[in-house]
Amino acid sequence: MGHHFRYRNKEMFCEGVRLSDIVKEVGSPVYIYSKRTLLEAYTEFDTAFANVDHLVCFAMKANSSLSVVSLLAKAGAGIDCNSGGEIFRALKAGAHPSKIIFTGVGKTEEEIRFALQYDILMFKVESRSELRAIDRIAGEMGKKAPVGIRINPNVDPKTHPYIATGLAEDKFGIDQSMAFESFGLAASLPNLRVVGLDMHIGSQIVDVDPFVQAATKMAVLALELKKAGFNIEHLDIGGGMAIPYKVEKPASPKDLADAISSILNVTDCKILFEPGRFLVGNAGVLVTKVLYTKKHKNKNFLIVDAAMNDLIRPSLYDAYHKIRAVELKKVETMVADIVGPVCESGDFFAHNRTINKCKQNDLLAIMSAGAYGFTMSSNYNARLRVPEVLVDGNKFYVVRDRETYDDLIRGERIPEELVK
Ligand code: LLP
């Protein structure tokens, strides 16, 4: 899997556009996405499974930019949504309800009502009490809700514990021993229509082994459920495919397809996939400017204008992101901590990183920031959320403006009585 952020004459381009030209127009920090990279990733995934009846549903929690979702939807992707807000955004981006699936361990009554207004493909249900809630709400609305049940396959995805979801101790899904009972309950409720079986074991999974183990368990279960008379049209095997952040060599969609297609095909189900990171991770960078440089004893610091509120992955998961100079002015390197302006020691992008020597006002590109970058950003320290730019060949579009100070206080008030 490649990407289209490359140096030409020592300057980093996204496709045909100089990153520094984008910064001249919109300032820094800024998220920059490459249309070509994300569409190529989608095509790579989709074609790898050409021999399987399937739908790739983009897990938009990774990147919910309307333009990104719209491009993927237009390319044929379905959308995996984890909240009412994501369904709202998916619809605004032009996704067709019949290709929307609704995930989530804690869907609220309002969210269920909202989703039921549209004929979505499937609610993925994670508990028996949720089955009852959806049945009741659907009944009140005179609807029949299509449901799949998420089973926890108890497989170790061998990833960061915060993003492992398929072990028995995790909060997700229903224990496999309760599968028949849960499908029985679903089939008995008048306002539900059982349509599928679902799993998701975790994220940034580098090897195919955990997928093979989990897909095998689910395929066996799907066949048993079918034999027992349940209507299992869809088998959803979740997302989780890794991308290279550092030196990892993750399995490719082709490796995954070679390993699991025959297992999946035995089920005769339509297979749903929910990749998030794989489709967008390497299609985005966060460009930031060096505000100040300083030295404490022997340690160099580059203080940049982006911070943990813009990209929290290093602080939260100790995640590694490559950091590249946007203009390769110097061949000498330096070792530095690259840190943001937020008042916490946890506000860093890299520790002791070897990087091309840089100085005040130089631009750095934090690579592989297209997934779980902007979507996990916040206004911590009352910092403005940064703009998002999408590059298409030689053109670029500001697809989301930088926030303003007024955006920061939208919806807030100081009751007069409170302060009189
Ligand atoms: N489906 C379900 C039910 C999920 O919970 C997730 C991710 C996905 C699909 C997509 O997984 P992916 O293909 O992107 O690995 N913020 C973390 C990742 C959290 C993943 C949560 N669930 C990070 O920055 O690494």
# chains A, B, ... in the order shown; residues from 1 in each chain; ligands from 1
$ select_by_dssp --residues "range 35-221 of chain A" --states "strand (DSSP E or B)" --output "tab-separated table (two decimals) with N, CA and C atoms, in the first residue's frame"
chain	number	residue	atom	x	y	z
A	54	HIS	N	-19.38	-9.38	-1.37
A	54	HIS	CA	-19.05	-8.58	-0.20
A	54	HIS	C	-19.43	-7.11	-0.38
A	55	LEU	N	-19.39	-6.39	0.74
A	55	LEU	CA	-19.51	-4.92	0.73
A	55	LEU	C	-18.48	-4.38	1.72
A	56	VAL	N	-17.65	-3.45	1.25
A	56	VAL	CA	-16.68	-2.80	2.13
A	56	VAL	C	-17.38	-1.60	2.76
A	57	CYS	N	-17.56	-1.63	4.07
A	57	CYS	CA	-18.22	-0.51	4.76
A	57	CYS	C	-17.15	0.28	5.50
A	58	PHE	N	-16.90	1.49	5.05
A	58	PHE	CA	-15.86	2.32	5.66
A	58	PHE	C	-16.24	2.68	7.10
A	59	ALA	N	-15.38	2.35	8.05
A	59	ALA	CA	-15.63	2.71	9.46
A	59	ALA	C	-15.30	4.19	9.61
A	78	GLY	N	-19.95	1.02	1.47
A	78	GLY	CA	-20.96	1.24	2.49
A	78	GLY	C	-20.29	2.00	3.62
A	79	ILE	N	-21.07	2.39	4.64
A	79	ILE	CA	-20.48	3.15	5.74
A	79	ILE	C	-20.87	2.51	7.06
A	80	ASP	N	-19.86	2.30	7.90
A	80	ASP	CA	-20.09	1.78	9.25
A	80	ASP	C	-20.11	2.96	10.20
A	81	CYS	N	-21.26	3.14	10.87
A	81	CYS	CA	-21.44	4.30	11.76
A	81	CYS	C	-21.53	3.85	13.20
A	100	ILE	N	-25.73	1.59	4.95
A	100	ILE	CA	-25.25	2.05	6.26
A	100	ILE	C	-25.48	0.97	7.29
A	101	ILE	N	-24.44	0.67	8.06
A	101	ILE	CA	-24.61	-0.26	9.18
A	101	ILE	C	-24.33	0.52	10.46
A	102	PHE	N	-25.04	0.13	11.51
A	102	PHE	CA	-25.00	0.91	12.75
A	102	PHE	C	-24.40	0.05	13.87
A	122	MET	N	-28.32	-2.62	8.50
A	122	MET	CA	-28.30	-3.50	9.68
A	122	MET	C	-27.92	-2.73	10.94
A	123	PHE	N	-28.62	-3.05	12.04
A	123	PHE	CA	-28.21	-2.63	13.38
A	123	PHE	C	-27.37	-3.77	13.92
A	124	LYS	N	-26.18	-3.47	14.39
A	124	LYS	CA	-25.36	-4.54	14.96
A	124	LYS	C	-25.53	-4.48	16.47
A	125	VAL	N	-26.17	-5.49	17.00
A	125	VAL	CA	-26.63	-5.43	18.39
A	125	VAL	C	-25.63	-6.13	19.30
A	145	ALA	N	-36.94	-3.69	12.41
A	145	ALA	CA	-35.52	-3.34	12.36
A	145	ALA	C	-34.67	-4.54	11.94
A	146	PRO	N	-33.80	-4.34	10.93
A	146	PRO	CA	-32.89	-5.42	10.54
A	146	PRO	C	-31.72	-5.51	11.52
A	147	VAL	N	-31.56	-6.67	12.16
A	147	VAL	CA	-30.48	-6.76	13.15
A	147	VAL	C	-29.49	-7.88	12.86
A	148	GLY	N	-28.25	-7.57	13.18
A	148	GLY	CA	-27.20	-8.58	13.24
A	148	GLY	C	-26.75	-8.62	14.68
A	149	ILE	N	-26.22	-9.73	15.12
A	149	ILE	CA	-25.76	-9.79	16.51
A	149	ILE	C	-24.24	-9.91	16.51
A	150	ARG	N	-23.63	-9.04	17.32
A	150	ARG	CA	-22.16	-9.07	17.42
A	150	ARG	C	-21.74	-10.09	18.46
A	151	ILE	N	-21.00	-11.07	17.99
A	151	ILE	CA	-20.51	-12.11	18.89
A	151	ILE	C	-19.03	-11.84	19.15
A	152	ASN	N	-18.67	-12.00	20.40
A	152	ASN	CA	-17.28	-11.80	20.77
A	152	ASN	C	-16.54	-13.13	20.57
A	164	ALA	N	-7.95	-3.41	21.46
A	164	ALA	CA	-8.33	-4.82	21.33
A	164	ALA	C	-9.78	-4.91	21.78
A	174	ILE	N	-21.51	-10.16	22.31
A	174	ILE	CA	-22.18	-11.11	23.21
A	174	ILE	C	-21.32	-12.36	23.24
A	175	ASP	N	-21.18	-12.95	24.41
A	175	ASP	CA	-20.35	-14.14	24.54
A	175	ASP	C	-20.86	-15.25	23.61
A	192	LEU	N	-38.30	-7.14	15.01
A	192	LEU	CA	-36.92	-7.30	14.54
A	192	LEU	C	-36.91	-8.30	13.40
A	193	ARG	N	-35.97	-8.09	12.49
A	193	ARG	CA	-35.75	-9.06	11.41
A	193	ARG	C	-34.29	-9.45	11.50
A	194	VAL	N	-34.01	-10.72	11.84
A	194	VAL	CA	-32.62	-11.15	11.95
A	194	VAL	C	-32.02	-11.20	10.56
A	195	VAL	N	-30.88	-10.53	10.38
A	195	VAL	CA	-30.25	-10.57	9.05
A	195	VAL	C	-28.78	-10.99	9.10
A	196	GLY	N	-28.14	-10.96	10.28
A	196	GLY	CA	-26.72	-11.26	10.21
A	196	GLY	C	-26.02	-11.54	11.51
A	197	LEU	N	-24.75	-11.86	11.33
A	197	LEU	CA	-23.84	-12.18	12.42
A	197	LEU	C	-22.64	-11.26	12.25
A	198	ASP	N	-22.14	-10.75	13.38
A	198	ASP	CA	-21.13	-9.70	13.30
A	198	ASP	C	-20.01	-9.94	14.29
A	202	GLY	N	-10.53	-5.99	16.84
A	202	GLY	CA	-9.57	-4.98	17.28
A	202	GLY	C	-9.03	-4.21	16.10
A	205	ILE	N	-4.19	-4.54	13.43
A	205	ILE	CA	-3.81	-5.96	13.54
A	205	ILE	C	-2.88	-6.27	12.37
$ residues_near_ligand --ligand "ligand 1" --cutoff "8 Å" --atoms "only C-alpha atoms and all ligand atoms" --output "PyMOL selection string"
chain A and resi 58-62+80+82+103-104+162-163+165+199-200+202-205+238-242+273-279+312-313+317+319+371-373+376
$ closest_residue --among "A:Gln176, A:Thr47, A:Thr108, A:Thr375" --to "Gly281 in chain A" --atoms "only C-alpha atoms"
A:Thr375
$ residues_around --residues "Tyr380 in chain A" --least-positions-apart "5" --cutoff "10 Å" --atoms "only C-alpha atoms" --output "VMD selection string"
chain A and resid 307 to 310 342 to 343 385
$ residues_around --residues "Pro244 in chain A" --least-positions-apart "4" --cutoff "9 Å" --atoms "only C-alpha atoms" --output "list of chain:residue names"
A:Met1, A:Val206, A:Glu248, A:Lys249, A:Pro250, A:Asn282, A:Ser368
$ residues_around --residues "Asn265 in chain A" --least-positions-apart "5" --cutoff "9 Å" --atoms "only C-alpha atoms" --output "list of chain:residue names"
A:Asn51, A:Val52, A:Asp53, A:Ala219, A:Ile260, A:Lys270, A:Ile271
$ select_by_dssp --residues "range 29-267 of chain A" --states "alpha helix (DSSP H)" --output "tab-separated table (two decimals) with N, CA and C atoms, in the first residue's frame"
chain	number	residue	atom	x	y	z
A	35	LYS	N	-6.81	12.39	-2.17
A	35	LYS	CA	-7.93	11.64	-2.75
A	35	LYS	C	-7.43	10.35	-3.41
A	36	ARG	N	-6.33	10.50	-4.16
A	36	ARG	CA	-5.86	9.33	-4.90
A	36	ARG	C	-5.48	8.20	-3.93
A	37	THR	N	-4.81	8.56	-2.83
A	37	THR	CA	-4.37	7.53	-1.89
A	37	THR	C	-5.56	6.80	-1.30
A	38	LEU	N	-6.58	7.54	-0.92
A	38	LEU	CA	-7.69	6.84	-0.27
A	38	LEU	C	-8.49	6.00	-1.26
A	39	LEU	N	-8.63	6.49	-2.48
A	39	LEU	CA	-9.37	5.68	-3.45
A	39	LEU	C	-8.58	4.44	-3.86
A	40	GLU	N	-7.25	4.59	-3.94
A	40	GLU	CA	-6.43	3.41	-4.26
A	40	GLU	C	-6.54	2.36	-3.15
A	41	ALA	N	-6.55	2.83	-1.91
A	41	ALA	CA	-6.67	1.87	-0.79
A	41	ALA	C	-8.02	1.16	-0.86
A	42	TYR	N	-9.07	1.92	-1.17
A	42	TYR	CA	-10.39	1.30	-1.28
A	42	TYR	C	-10.39	0.24	-2.40
A	43	THR	N	-9.84	0.62	-3.55
A	43	THR	CA	-9.83	-0.32	-4.69
A	43	THR	C	-9.00	-1.56	-4.36
A	44	GLU	N	-7.86	-1.33	-3.67
A	44	GLU	CA	-7.03	-2.48	-3.30
A	44	GLU	C	-7.82	-3.45	-2.43
A	45	PHE	N	-8.54	-2.90	-1.45
A	45	PHE	CA	-9.31	-3.76	-0.55
A	45	PHE	C	-10.44	-4.46	-1.31
A	46	ASP	N	-11.16	-3.67	-2.07
A	46	ASP	CA	-12.34	-4.19	-2.76
A	46	ASP	C	-11.97	-5.27	-3.78
A	47	THR	N	-10.90	-5.04	-4.53
A	47	THR	CA	-10.56	-6.01	-5.57
A	47	THR	C	-9.93	-7.27	-4.97
A	48	ALA	N	-9.28	-7.13	-3.81
A	48	ALA	CA	-8.69	-8.32	-3.17
A	48	ALA	C	-9.79	-9.36	-2.90
A	66	LEU	N	-16.85	15.04	5.63
A	66	LEU	CA	-17.93	14.82	4.65
A	66	LEU	C	-17.36	14.49	3.28
A	67	SER	N	-16.27	15.16	2.92
A	67	SER	CA	-15.71	14.92	1.59
A	67	SER	C	-15.09	13.54	1.47
A	68	VAL	N	-14.41	13.11	2.53
A	68	VAL	CA	-13.80	11.77	2.51
A	68	VAL	C	-14.89	10.72	2.43
A	69	VAL	N	-15.90	10.85	3.27
A	69	VAL	CA	-16.99	9.87	3.28
A	69	VAL	C	-17.70	9.87	1.92
A	70	SER	N	-17.87	11.07	1.38
A	70	SER	CA	-18.55	11.19	0.10
A	70	SER	C	-17.77	10.50	-1.02
A	71	LEU	N	-16.45	10.67	-1.03
A	71	LEU	CA	-15.63	10.03	-2.07
A	71	LEU	C	-15.73	8.50	-1.97
A	72	LEU	N	-15.66	8.00	-0.75
A	72	LEU	CA	-15.71	6.54	-0.59
A	72	LEU	C	-17.10	6.01	-0.93
A	73	ALA	N	-18.13	6.75	-0.51
A	73	ALA	CA	-19.50	6.31	-0.81
A	73	ALA	C	-19.69	6.28	-2.33
A	74	LYS	N	-19.16	7.30	-2.99
A	74	LYS	CA	-19.31	7.38	-4.44
A	74	LYS	C	-18.55	6.25	-5.14
A	75	ALA	N	-17.45	5.81	-4.52
A	75	ALA	CA	-16.68	4.71	-5.10
A	75	ALA	C	-17.39	3.37	-4.88
A	84	GLY	N	-25.44	8.17	16.26
A	84	GLY	CA	-26.43	8.90	15.46
A	84	GLY	C	-25.74	10.00	14.67
A	85	GLY	N	-24.78	10.65	15.29
A	85	GLY	CA	-24.05	11.73	14.62
A	85	GLY	C	-23.33	11.23	13.38
A	86	GLU	N	-22.75	10.04	13.48
A	86	GLU	CA	-22.07	9.51	12.29
A	86	GLU	C	-23.07	9.16	11.20
A	87	ILE	N	-24.24	8.65	11.59
A	87	ILE	CA	-25.26	8.36	10.56
A	87	ILE	C	-25.67	9.68	9.89
A	88	PHE	N	-25.87	10.71	10.70
A	88	PHE	CA	-26.23	12.03	10.17
A	88	PHE	C	-25.17	12.50	9.17
A	89	ARG	N	-23.91	12.39	9.56
A	89	ARG	CA	-22.83	12.84	8.68
A	89	ARG	C	-22.78	11.98	7.40
A	90	ALA	N	-22.96	10.66	7.57
A	90	ALA	CA	-22.90	9.77	6.40
A	90	ALA	C	-23.99	10.15	5.40
A	91	LEU	N	-25.19	10.42	5.93
A	91	LEU	CA	-26.30	10.79	5.03
A	91	LEU	C	-26.00	12.13	4.36
A	92	LYS	N	-25.47	13.08	5.14
A	92	LYS	CA	-25.11	14.40	4.57
A	92	LYS	C	-24.05	14.25	3.48
A	109	GLU	N	-31.70	5.63	22.95
A	109	GLU	CA	-33.04	5.57	22.37
A	109	GLU	C	-33.16	6.56	21.21
A	110	GLU	N	-32.62	7.76	21.38
A	110	GLU	CA	-32.70	8.79	20.32
A	110	GLU	C	-31.97	8.33	19.07
A	111	GLU	N	-30.82	7.72	19.28
A	111	GLU	CA	-30.04	7.26	18.12
A	111	GLU	C	-30.78	6.14	17.38
A	112	ILE	N	-31.38	5.24	18.15
A	112	ILE	CA	-32.10	4.12	17.53
A	112	ILE	C	-33.29	4.66	16.73
A	113	ARG	N	-34.00	5.62	17.34
A	113	ARG	CA	-35.13	6.26	16.64
A	113	ARG	C	-34.66	6.93	15.35
A	114	PHE	N	-33.57	7.65	15.46
A	114	PHE	CA	-33.03	8.37	14.30
A	114	PHE	C	-32.70	7.38	13.17
A	115	ALA	N	-32.01	6.30	13.54
A	115	ALA	CA	-31.59	5.33	12.51
A	115	ALA	C	-32.80	4.63	11.90
A	116	LEU	N	-33.83	4.41	12.72
A	116	LEU	CA	-35.00	3.69	12.21
A	116	LEU	C	-35.81	4.49	11.18
A	128	ARG	N	-28.57	-8.43	24.87
A	128	ARG	CA	-29.98	-8.81	24.75
A	128	ARG	C	-30.88	-7.66	25.15
A	129	SER	N	-30.41	-6.84	26.09
A	129	SER	CA	-31.28	-5.70	26.46
A	129	SER	C	-31.39	-4.73	25.29
A	130	GLU	N	-30.34	-4.64	24.49
A	130	GLU	CA	-30.43	-3.76	23.31
A	130	GLU	C	-31.42	-4.33	22.29
A	131	LEU	N	-31.43	-5.66	22.16
A	131	LEU	CA	-32.42	-6.28	21.23
A	131	LEU	C	-33.83	-5.86	21.63
A	132	ARG	N	-34.09	-5.93	22.94
A	132	ARG	CA	-35.44	-5.59	23.42
A	132	ARG	C	-35.74	-4.12	23.19
A	133	ALA	N	-34.73	-3.28	23.40
A	133	ALA	CA	-34.95	-1.83	23.21
A	133	ALA	C	-35.26	-1.53	21.74
A	134	ILE	N	-34.49	-2.10	20.84
A	134	ILE	CA	-34.72	-1.81	19.41
A	134	ILE	C	-36.09	-2.34	19.00
A	135	ASP	N	-36.45	-3.52	19.52
A	135	ASP	CA	-37.76	-4.09	19.19
A	135	ASP	C	-38.88	-3.15	19.66
A	136	ARG	N	-38.76	-2.64	20.88
A	136	ARG	CA	-39.81	-1.76	21.42
A	136	ARG	C	-39.92	-0.48	20.59
A	137	ILE	N	-38.77	0.12	20.30
A	137	ILE	CA	-38.80	1.41	19.59
A	137	ILE	C	-39.31	1.20	18.15
A	138	ALA	N	-38.85	0.12	17.52
A	138	ALA	CA	-39.31	-0.17	16.15
A	138	ALA	C	-40.82	-0.37	16.16
A	139	GLY	N	-41.31	-1.08	17.18
A	139	GLY	CA	-42.75	-1.31	17.30
A	139	GLY	C	-43.51	0.01	17.39
A	140	GLU	N	-43.00	0.91	18.22
A	140	GLU	CA	-43.67	2.21	18.38
A	140	GLU	C	-43.69	2.99	17.07
A	141	MET	N	-42.67	2.77	16.26
A	141	MET	CA	-42.58	3.52	15.00
A	141	MET	C	-43.21	2.76	13.82
A	179	ALA	N	-24.81	-17.29	21.98
A	179	ALA	CA	-25.20	-16.92	20.62
A	179	ALA	C	-26.61	-17.43	20.28
A	180	PHE	N	-26.84	-18.72	20.51
A	180	PHE	CA	-28.12	-19.30	20.08
A	180	PHE	C	-29.29	-18.68	20.84
A	181	GLU	N	-29.06	-18.52	22.15
A	181	GLU	CA	-30.09	-17.91	22.99
A	181	GLU	C	-30.42	-16.50	22.48
A	182	SER	N	-29.38	-15.74	22.12
A	182	SER	CA	-29.59	-14.36	21.68
A	182	SER	C	-30.28	-14.31	20.33
A	183	PHE	N	-29.85	-15.16	19.41
A	183	PHE	CA	-30.54	-15.19	18.11
A	183	PHE	C	-31.98	-15.65	18.29
A	184	GLY	N	-32.19	-16.60	19.23
A	184	GLY	CA	-33.55	-17.07	19.52
A	184	GLY	C	-34.42	-15.92	19.99
A	185	LEU	N	-33.85	-15.11	20.90
A	185	LEU	CA	-34.61	-13.97	21.41
A	185	LEU	C	-34.92	-13.00	20.26
A	186	ALA	N	-33.89	-12.71	19.44
A	186	ALA	CA	-34.08	-11.75	18.34
A	186	ALA	C	-35.19	-12.23	17.41
A	187	ALA	N	-35.14	-13.53	17.08
A	187	ALA	CA	-36.13	-14.07	16.12
A	187	ALA	C	-37.54	-14.05	16.71
A	188	SER	N	-37.62	-14.09	18.07
A	188	SER	CA	-38.95	-14.14	18.69
A	188	SER	C	-39.57	-12.74	18.84
A	209	ASP	N	-3.29	-14.07	11.17
A	209	ASP	CA	-3.71	-15.16	12.08
A	209	ASP	C	-4.96	-14.87	12.92
A	210	PRO	N	-4.99	-13.72	13.64
A	210	PRO	CA	-6.19	-13.47	14.44
A	210	PRO	C	-7.46	-13.42	13.58
A	211	PHE	N	-7.33	-12.88	12.36
A	211	PHE	CA	-8.51	-12.83	11.46
A	211	PHE	C	-8.92	-14.25	11.06
A	212	VAL	N	-7.93	-15.10	10.78
A	212	VAL	CA	-8.24	-16.47	10.36
A	212	VAL	C	-8.97	-17.19	11.50
A	213	GLN	N	-8.41	-17.04	12.71
A	213	GLN	CA	-9.05	-17.72	13.86
A	213	GLN	C	-10.49	-17.23	14.06
A	214	ALA	N	-10.65	-15.91	14.02
A	214	ALA	CA	-11.98	-15.35	14.30
A	214	ALA	C	-12.95	-15.66	13.16
A	215	ALA	N	-12.48	-15.53	11.91
A	215	ALA	CA	-13.36	-15.80	10.77
A	215	ALA	C	-13.79	-17.26	10.76
A	216	THR	N	-12.88	-18.15	11.15
A	216	THR	CA	-13.22	-19.57	11.19
A	216	THR	C	-14.33	-19.81	12.21
A	217	LYS	N	-14.13	-19.24	13.42
A	217	LYS	CA	-15.17	-19.41	14.45
A	217	LYS	C	-16.52	-18.88	13.98
A	218	MET	N	-16.47	-17.70	13.33
A	218	MET	CA	-17.73	-17.07	12.91
A	218	MET	C	-18.38	-17.84	11.76
A	219	ALA	N	-17.56	-18.36	10.86
A	219	ALA	CA	-18.12	-19.11	9.73
A	219	ALA	C	-18.82	-20.36	10.24
A	220	VAL	N	-18.18	-21.04	11.19
A	220	VAL	CA	-18.79	-22.25	11.76
A	220	VAL	C	-20.12	-21.88	12.42
A	221	LEU	N	-20.07	-20.78	13.19
A	221	LEU	CA	-21.27	-20.35	13.90
A	221	LEU	C	-22.38	-19.96	12.91
A	222	ALA	N	-22.00	-19.25	11.83
A	222	ALA	CA	-23.00	-18.83	10.84
A	222	ALA	C	-23.70	-20.07	10.25
A	223	LEU	N	-22.92	-21.10	9.96
A	223	LEU	CA	-23.52	-22.31	9.38
A	223	LEU	C	-24.44	-23.00	10.38
A	224	GLU	N	-23.99	-23.03	11.65
A	224	GLU	CA	-24.83	-23.67	12.68
A	224	GLU	C	-26.14	-22.90	12.85
A	225	LEU	N	-26.02	-21.57	12.84
A	225	LEU	CA	-27.23	-20.74	13.01
A	225	LEU	C	-28.18	-20.94	11.84
A	226	LYS	N	-27.59	-21.00	10.64
A	226	LYS	CA	-28.44	-21.21	9.46
A	226	LYS	C	-29.16	-22.55	9.56
A	227	LYS	N	-28.40	-23.56	9.97
A	227	LYS	CA	-28.96	-24.90	10.08
A	227	LYS	C	-30.13	-24.91	11.07
A	253	PRO	N	-4.50	-6.58	2.00
A	253	PRO	CA	-5.83	-7.15	1.77
A	253	PRO	C	-5.75	-8.45	0.97
A	254	LYS	N	-4.78	-8.50	0.04
A	254	LYS	CA	-4.63	-9.72	-0.77
A	254	LYS	C	-4.23	-10.90	0.15
A	255	ASP	N	-3.28	-10.64	1.09
A	255	ASP	CA	-2.89	-11.70	2.05
A	255	ASP	C	-4.11	-12.15	2.84
A	256	LEU	N	-4.90	-11.16	3.27
A	256	LEU	CA	-6.07	-11.49	4.08
A	256	LEU	C	-7.07	-12.29	3.23
A	257	ALA	N	-7.28	-11.83	1.99
A	257	ALA	CA	-8.23	-12.52	1.11
A	257	ALA	C	-7.76	-13.95	0.85
A	258	ASP	N	-6.45	-14.13	0.60
A	258	ASP	CA	-5.94	-15.48	0.36
A	258	ASP	C	-6.20	-16.38	1.57
A	259	ALA	N	-6.10	-15.78	2.76
A	259	ALA	CA	-6.22	-16.58	3.98
A	259	ALA	C	-7.67	-16.88	4.35
A	260	ILE	N	-8.59	-15.97	4.03
A	260	ILE	CA	-9.95	-16.20	4.59
A	260	ILE	C	-11.08	-16.32	3.57
A	261	SER	N	-10.79	-16.06	2.28
A	261	SER	CA	-11.91	-16.08	1.31
A	261	SER	C	-12.63	-17.42	1.30
A	262	SER	N	-11.84	-18.51	1.28
A	262	SER	CA	-12.52	-19.80	1.16
A	262	SER	C	-13.33	-20.09	2.43
A	263	ILE	N	-12.81	-19.64	3.58
A	263	ILE	CA	-13.55	-19.84	4.84
A	263	ILE	C	-14.89	-19.09	4.76
A	264	LEU	N	-14.82	-17.85	4.25
A	264	LEU	CA	-16.01	-17.01	4.19
A	264	LEU	C	-17.01	-17.54	3.17
A	265	ASN	N	-16.49	-18.02	2.03
A	265	ASN	CA	-17.39	-18.45	0.96
A	265	ASN	C	-18.23	-19.66	1.33
$ closest_residue --among "A:Leu235, A:Met178, A:Cys14, A:Ile243" --to "Asp207 in chain A" --atoms "only C-alpha atoms"
A:Ile243
$ closest_residue --among "A:Glu344, A:Met12, A:Leu121, A:Thr404" --to "Asp236 in chain A" --atoms "only C-alpha atoms"
A:Leu121
$ closest_residue --among "A:Gly142, A:Gly94, A:Gly393, A:Gly106" --to "Gly16 in chain A" --atoms "only C-alpha atoms"
A:Gly393
$ residues_around --residues "range 321-328 of chain A" --least-positions-apart "6" --cutoff "9 Å" --atoms "only C-alpha atoms" --output "short mmCIF file (atom, residue, chain, number, x, y, z; two decimals) with N, CA and C atoms, in the first residue's frame"
data_model
loop_
_atom_site.label_atom_id
_atom_site.label_comp_id
_atom_site.auth_asym_id
_atom_site.auth_seq_id
_atom_site.Cartn_x
_atom_site.Cartn_y
_atom_site.Cartn_z
N TYR A 7 8.50 13.49 -1.92
CA TYR A 7 9.38 14.63 -2.19
C TYR A 7 9.62 14.78 -3.69
N ASN A 9 12.19 17.43 -5.80
CA ASN A 9 13.19 18.47 -5.56
C ASN A 9 13.21 18.93 -4.11
N LYS A 10 13.24 17.97 -3.23
CA LYS A 10 13.37 18.24 -1.78
C LYS A 10 12.20 18.97 -1.16
N GLU A 11 11.08 18.96 -1.84
CA GLU A 11 9.89 19.56 -1.24
C GLU A 11 8.78 18.53 -1.22
N MET A 12 8.07 18.44 -0.12
CA MET A 12 7.04 17.41 -0.06
C MET A 12 5.76 17.88 -0.76
N PHE A 13 5.28 17.00 -1.63
CA PHE A 13 4.04 17.22 -2.35
C PHE A 13 2.98 16.23 -1.87
N ARG A 18 2.21 21.26 -3.73
CA ARG A 18 3.23 21.47 -2.69
C ARG A 18 2.55 21.70 -1.33
N LEU A 19 2.98 20.97 -0.31
CA LEU A 19 2.34 21.16 1.00
C LEU A 19 2.52 22.61 1.47
N SER A 20 3.69 23.18 1.16
CA SER A 20 3.93 24.56 1.64
C SER A 20 2.97 25.55 0.97
N TYR A 245 3.06 2.25 10.13
CA TYR A 245 3.37 3.55 10.72
C TYR A 245 4.89 3.73 10.80
N LYS A 246 5.57 2.61 11.06
CA LYS A 246 7.00 2.69 11.33
C LYS A 246 7.70 1.67 10.44
N VAL A 287 0.11 18.81 9.02
CA VAL A 287 1.27 19.70 8.82
C VAL A 287 1.29 20.73 9.95
N ARG A 313 -3.02 10.50 19.19
CA ARG A 313 -2.52 9.12 19.18
C ARG A 313 -1.20 8.92 19.91
N PRO A 314 -0.20 9.81 19.73
CA PRO A 314 1.05 9.60 20.48
C PRO A 314 0.82 9.66 21.99
N PHE A 349 4.60 14.69 20.14
CA PHE A 349 4.43 13.87 18.94
C PHE A 349 5.55 12.85 18.82
N ALA A 350 6.73 13.17 19.39
CA ALA A 350 7.84 12.23 19.34
C ALA A 350 8.86 12.60 20.40
N ARG A 353 13.60 11.99 18.66
CA ARG A 353 13.44 11.63 17.26
C ARG A 353 14.57 12.23 16.43
N ILE A 355 15.72 13.74 13.16
CA ILE A 355 14.97 14.46 12.13
C ILE A 355 15.91 15.41 11.41
N ASN A 356 15.60 15.74 10.16
CA ASN A 356 16.44 16.71 9.45
C ASN A 356 16.48 17.99 10.25
N LYS A 357 17.66 18.56 10.33
CA LYS A 357 17.82 19.75 11.18
C LYS A 357 16.81 20.81 10.78
N CYS A 358 16.09 21.34 11.75
CA CYS A 358 15.15 22.39 11.37
C CYS A 358 15.16 23.51 12.38
N ASP A 362 10.01 26.43 10.22
CA ASP A 362 10.02 25.30 9.28
C ASP A 362 8.73 24.49 9.47
N LEU A 363 8.33 23.83 8.39
CA LEU A 363 7.11 23.00 8.46
C LEU A 363 7.48 21.53 8.58
N LEU A 364 6.70 20.83 9.39
CA LEU A 364 6.88 19.39 9.53
C LEU A 364 5.58 18.70 9.15
N ALA A 365 5.73 17.53 8.54
CA ALA A 365 4.53 16.73 8.22
C ALA A 365 4.51 15.52 9.15
N ILE A 366 3.45 15.42 9.93
CA ILE A 366 3.27 14.23 10.77
C ILE A 366 2.49 13.25 9.91
N MET A 367 3.15 12.14 9.58
CA MET A 367 2.64 11.23 8.56
C MET A 367 1.59 10.27 9.15
N SER A 368 0.89 9.61 8.24
CA SER A 368 -0.09 8.57 8.62
C SER A 368 -1.12 9.08 9.61
N ALA A 369 -1.57 10.31 9.37
CA ALA A 369 -2.50 10.93 10.33
C ALA A 369 -3.93 11.00 9.80
#
$ decode --residues "range 231-240 of chain A" --atoms "C-alpha atoms" --output "short mmCIF file (atom, residue, chain, number, x, y, z; two decimals), in the first residue's frame"
data_model
loop_
_atom_site.label_atom_id
_atom_site.label_comp_id
_atom_site.auth_asym_id
_atom_site.auth_seq_id
_atom_site.Cartn_x
_atom_site.Cartn_y
_atom_site.Cartn_z
CA ASN A 231 -31.74 -15.97 8.61
CA ILE A 232 -28.03 -15.18 8.37
CA GLU A 233 -27.68 -13.21 5.14
CA HIS A 234 -24.74 -11.08 6.24
CA LEU A 235 -21.56 -12.11 7.96
CA ASP A 236 -19.72 -9.00 9.11
CA ILE A 237 -16.12 -9.61 10.02
CA GLY A 238 -15.33 -6.08 11.19
CA GLY A 239 -12.29 -3.95 10.53
CA GLY A 240 -8.84 -3.85 12.03
#
